[in-house]
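Input: a single structure, listed below in structure tokens.
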Amino acid sequence: MTASAPSTATAPSPSRRGTRRPAEGEVWVWWSSASGDIASLGALAGFMNDDERRRFEAMRRPQARDQFALGCALMRVAAGHHLGAAPGDVLVERRCVSCGGPHGKPRILGDSGLEISLSHTDGHVVCAVARGTPVGVDVEDGATLMNGDLLAGDILAPREAEVYRQLRPEHRRSALLTYWTRKEAVLKATGHGLRVPMRRLELSGPAEEPRLLRWSGRPEPPRVTLRTLYGPASSYLGHAAAALAVLGEPPQLIELDAEPAFAPWRDHDG
């Protein structure tokens, strides 16, 4: 129920690649598995600022703690690669534009010009990096979606809901995940986050090329390019769905497996 995969540039393993900032028009999408041995490394807890460490320590679910720790580390490993810096030297801030709390869109401090977005779900953590272009990324796991019809009321615009109801029941979960990830990616890229209800955005159909058609309450929607993500290998995502949003021109995508970049910490921990 998703559009065909767009052309994606091929990148070598990060452990064998020299430092390079994203070129103009490039978005690097770094993937790591939250179910592998990397997520269990105690060393990952060192890649956090004080606010992140407090959030981490307040979490009670081991799986949530692993995902959060891995996300903190992945941002710094990816940004460090592009900046030629050690991950521990990358300064990250998360500040909510509404309340000032430490839970907003992550931002790399300094004058690097890097834009970054992070998402995680059961089994996957993803980080998108671009230069000078706001980006948003989202991944959601369909295996944990219990009542899609109930959730659809919070996600779908009226015309989208009509399309959804006309689908065969076995296709609805995939369609809902497609709408969900695309909309959340858009709201991350624009900086609105979930302060804007998803049902205010209307997108093209789940089997069509992804496009933002309308934004309720705005005469013209922002200029956003949407891409469906597939992971560094065609079967990487399994039951999950993922999307990228970029403000501006269509990007050249580089999706890569970040796990080789964690090798120094895996080896040290072992």
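Scheme for the structure tokens: letters A, B, ... for chains in order shown; per-chain residue numbers from 1; ligand numbers from 1 in order shown.
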Do a neighbour search on stretch 205-218 of chain A at 9 Å with only C-alpha atoms, toss out local chain neighbours closer than 5 positions, and write the hits as a PyMOL selection string. chain A and resi 1-4+160+163+174-179+182-183+186+199-200+223-228
Could you please take those selected residues and save C-alpha atoms as a PDB file, in the first residue's frame?
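Output (selection31.pdb):
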```
ATOM      1  CA  MET A   1       0.000   0.000   0.000  1.00  0.00           C
ATOM      2  CA  THR A   2       2.965   2.350  -0.387  1.00  0.00           C
ATOM      3  CA  ALA A   3       4.458   4.072  -3.398  1.00  0.00           C
ATOM      4  CA  SER A   4       7.458   2.578  -5.138  1.00  0.00           C
ATOM      5  CA  GLU A 160      -8.477  10.606   3.965  1.00  0.00           C
ATOM      6  CA  VAL A 163     -10.285   6.565   1.464  1.00  0.00           C
ATOM      7  CA  SER A 174      -0.537  -0.296   6.403  1.00  0.00           C
ATOM      8  CA  ALA A 175      -2.456   2.714   5.064  1.00  0.00           C
ATOM      9  CA  LEU A 176      -2.846   4.251   8.510  1.00  0.00           C
ATOM     10  CA  LEU A 177       0.864   3.823   9.287  1.00  0.00           C
ATOM     11  CA  THR A 178       1.692   5.494   5.970  1.00  0.00           C
ATOM     12  CA  TYR A 179      -0.491   8.512   6.735  1.00  0.00           C
ATOM     13  CA  ARG A 182       4.205  11.088   6.689  1.00  0.00           C
ATOM     14  CA  LYS A 183       2.210  13.559   8.774  1.00  0.00           C
ATOM     15  CA  VAL A 186       5.942  16.976   8.132  1.00  0.00           C
ATOM     16  CA  ARG A 199      -6.120  15.575  11.018  1.00  0.00           C
ATOM     17  CA  ARG A 200      -5.537  19.216   9.954  1.00  0.00           C
ATOM     18  CA  ARG A 223       6.413  23.622   0.532  1.00  0.00           C
ATOM     19  CA  VAL A 224       7.333  20.151   1.735  1.00  0.00           C
ATOM     20  CA  THR A 225       8.920  17.222  -0.064  1.00  0.00           C
ATOM     21  CA  LEU A 226       7.945  13.816   1.310  1.00  0.00           C
ATOM     22  CA  ARG A 227       9.757  10.539   0.812  1.00  0.00           C
ATOM     23  CA  THR A 228       8.914   7.009   1.904  1.00  0.00           C
TER      24      THR A 228
END
```
Using only C-alpha atoms, find each residue in stretch 209-250 of chain A having at least one atom no more than 9 Å away from stretch 127-151 of chain A; report its shortest atom-to-atom pair and that distance in Å (one decimal), rows by chain then rising number, as a Markdown table.
```
| residue | atom | partner | partner_atom | distance |
| --- | --- | --- | --- | --- |
| A:Leu229 | CA | A:Val139 | CA | 8.8 |
| A:Leu237 | CA | A:Asp141 | CA | 8.6 |
| A:Gly238 | CA | A:Asp141 | CA | 8.6 |
| A:His239 | CA | A:Gly142 | CA | 5.4 |
| A:Ala240 | CA | A:Asp141 | CA | 4.1 |
| A:Ala241 | CA | A:Glu140 | CA | 5.5 |
| A:Ala242 | CA | A:Val139 | CA | 4.2 |
| A:Ala243 | CA | A:Asp138 | CA | 5.6 |
| A:Leu244 | CA | A:Val137 | CA | 4.6 |
| A:Ala245 | CA | A:Gly136 | CA | 5.1 |
| A:Val246 | CA | A:Val135 | CA | 4.6 |
| A:Leu247 | CA | A:Pro134 | CA | 5.8 |
| A:Gly248 | CA | A:Thr133 | CA | 7.6 |
```
I'd like to know which residues of stretch 10-138 of chain A are alpha helix (DSSP H) (by DSSP, run on the backbone); could you write them as a ChimeraX atom specification? /A:50-58,62-83
Keeping only N, CA and C atoms, write the selected residues to a file as a compact mmCIF listing (two decimals), in the first residue's frame.
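Final output, saved to again_24.txt:
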```txt
# COMPACT_ATOMS: atom_id res chain seq x y z
N ASP A 50 22.56 16.57 30.56
CA ASP A 50 21.93 16.40 31.88
C ASP A 50 20.42 16.19 31.75
N ASP A 51 19.77 16.96 30.86
CA ASP A 51 18.32 16.82 30.70
C ASP A 51 17.97 15.42 30.18
N GLU A 52 18.73 14.95 29.21
CA GLU A 52 18.46 13.62 28.66
C GLU A 52 18.70 12.54 29.70
N ARG A 53 19.73 12.73 30.50
CA ARG A 53 20.02 11.72 31.53
C ARG A 53 18.89 11.64 32.55
N ARG A 54 18.31 12.78 32.90
CA ARG A 54 17.17 12.77 33.85
C ARG A 54 15.97 12.06 33.23
N ARG A 55 15.70 12.30 31.96
CA ARG A 55 14.60 11.61 31.30
C ARG A 55 14.86 10.11 31.26
N PHE A 56 16.08 9.73 30.93
CA PHE A 56 16.46 8.32 30.87
C PHE A 56 16.27 7.64 32.22
N GLU A 57 16.72 8.27 33.29
CA GLU A 57 16.63 7.67 34.61
C GLU A 57 15.20 7.57 35.11
N ALA A 58 14.30 8.43 34.58
CA ALA A 58 12.90 8.39 35.00
C ALA A 58 12.10 7.31 34.28
N PRO A 62 12.40 -1.10 30.35
CA PRO A 62 13.73 -1.31 29.79
C PRO A 62 13.80 -1.04 28.29
N GLN A 63 12.76 -1.42 27.56
CA GLN A 63 12.76 -1.20 26.12
C GLN A 63 12.77 0.28 25.79
N ALA A 64 11.98 1.07 26.52
CA ALA A 64 11.97 2.52 26.29
C ALA A 64 13.32 3.14 26.63
N ARG A 65 13.95 2.66 27.68
CA ARG A 65 15.27 3.16 28.06
C ARG A 65 16.29 2.85 26.97
N ASP A 66 16.26 1.62 26.43
CA ASP A 66 17.19 1.25 25.36
C ASP A 66 17.00 2.14 24.13
N GLN A 67 15.75 2.34 23.73
CA GLN A 67 15.47 3.15 22.56
C GLN A 67 15.95 4.58 22.76
N PHE A 68 15.68 5.14 23.93
CA PHE A 68 16.05 6.52 24.19
C PHE A 68 17.57 6.67 24.22
N ALA A 69 18.27 5.75 24.91
CA ALA A 69 19.73 5.82 24.98
C ALA A 69 20.34 5.67 23.60
N LEU A 70 19.81 4.75 22.81
CA LEU A 70 20.35 4.55 21.47
C LEU A 70 20.10 5.78 20.60
N GLY A 71 18.93 6.40 20.75
CA GLY A 71 18.65 7.61 19.98
C GLY A 71 19.61 8.74 20.33
N CYS A 72 19.89 8.92 21.61
CA CYS A 72 20.85 9.95 22.05
C CYS A 72 22.22 9.69 21.44
N ALA A 73 22.64 8.43 21.45
CA ALA A 73 23.94 8.08 20.90
C ALA A 73 23.96 8.22 19.39
N LEU A 74 22.89 7.77 18.71
CA LEU A 74 22.86 7.81 17.25
C LEU A 74 22.96 9.24 16.74
N MET A 75 22.27 10.18 17.36
CA MET A 75 22.37 11.57 16.94
C MET A 75 23.81 12.06 16.99
N ARG A 76 24.50 11.72 18.05
CA ARG A 76 25.86 12.21 18.24
C ARG A 76 26.86 11.50 17.34
N VAL A 77 26.64 10.20 17.12
CA VAL A 77 27.51 9.48 16.20
C VAL A 77 27.35 10.02 14.78
N ALA A 78 26.10 10.24 14.34
CA ALA A 78 25.85 10.76 12.99
C ALA A 78 26.41 12.17 12.84
N ALA A 79 26.06 13.05 13.77
CA ALA A 79 26.56 14.43 13.68
C ALA A 79 28.07 14.48 13.80
N GLY A 80 28.62 13.66 14.68
CA GLY A 80 30.07 13.62 14.84
C GLY A 80 30.77 13.19 13.56
N HIS A 81 30.17 12.24 12.85
CA HIS A 81 30.73 11.82 11.57
C HIS A 81 30.78 13.00 10.60
N HIS A 82 29.69 13.74 10.50
CA HIS A 82 29.62 14.84 9.54
C HIS A 82 30.49 16.02 9.95
N LEU A 83 30.74 16.17 11.25
CA LEU A 83 31.52 17.31 11.74
C LEU A 83 32.99 16.97 11.94
```
For A:Glu184, list every protein, DNA or RNA residue within 8 Å, evaluated using only C-alpha atoms, and leave out those in the same chain fewer than 3 positions away; present the list as an MDAnalysis selection string. chainID A and resid 136:138 180:181 187:188 193:194 198
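The smallest atom-to-atom distance between A:Ala161 and any of A:Ala261, A:Ala23, A:Leu253, A:Leu203, using only C-alpha atoms, is found for A:Leu203.
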Could you please write out, as an MDAnalysis selection string, every residue of stretch 15-94 of chain A that DSSP assigns to strand (DSSP E)? chainID A and resid 26:33 92:94
Measure the distance from atom CA of A:Arg173 to atom CA of A:Gly123 in Å and round it to one decimal. 18.1 Å
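Note that the spacing between atom CA of A:Glu255 and atom CA of A:Trp31 amounts to 7.4 Å.
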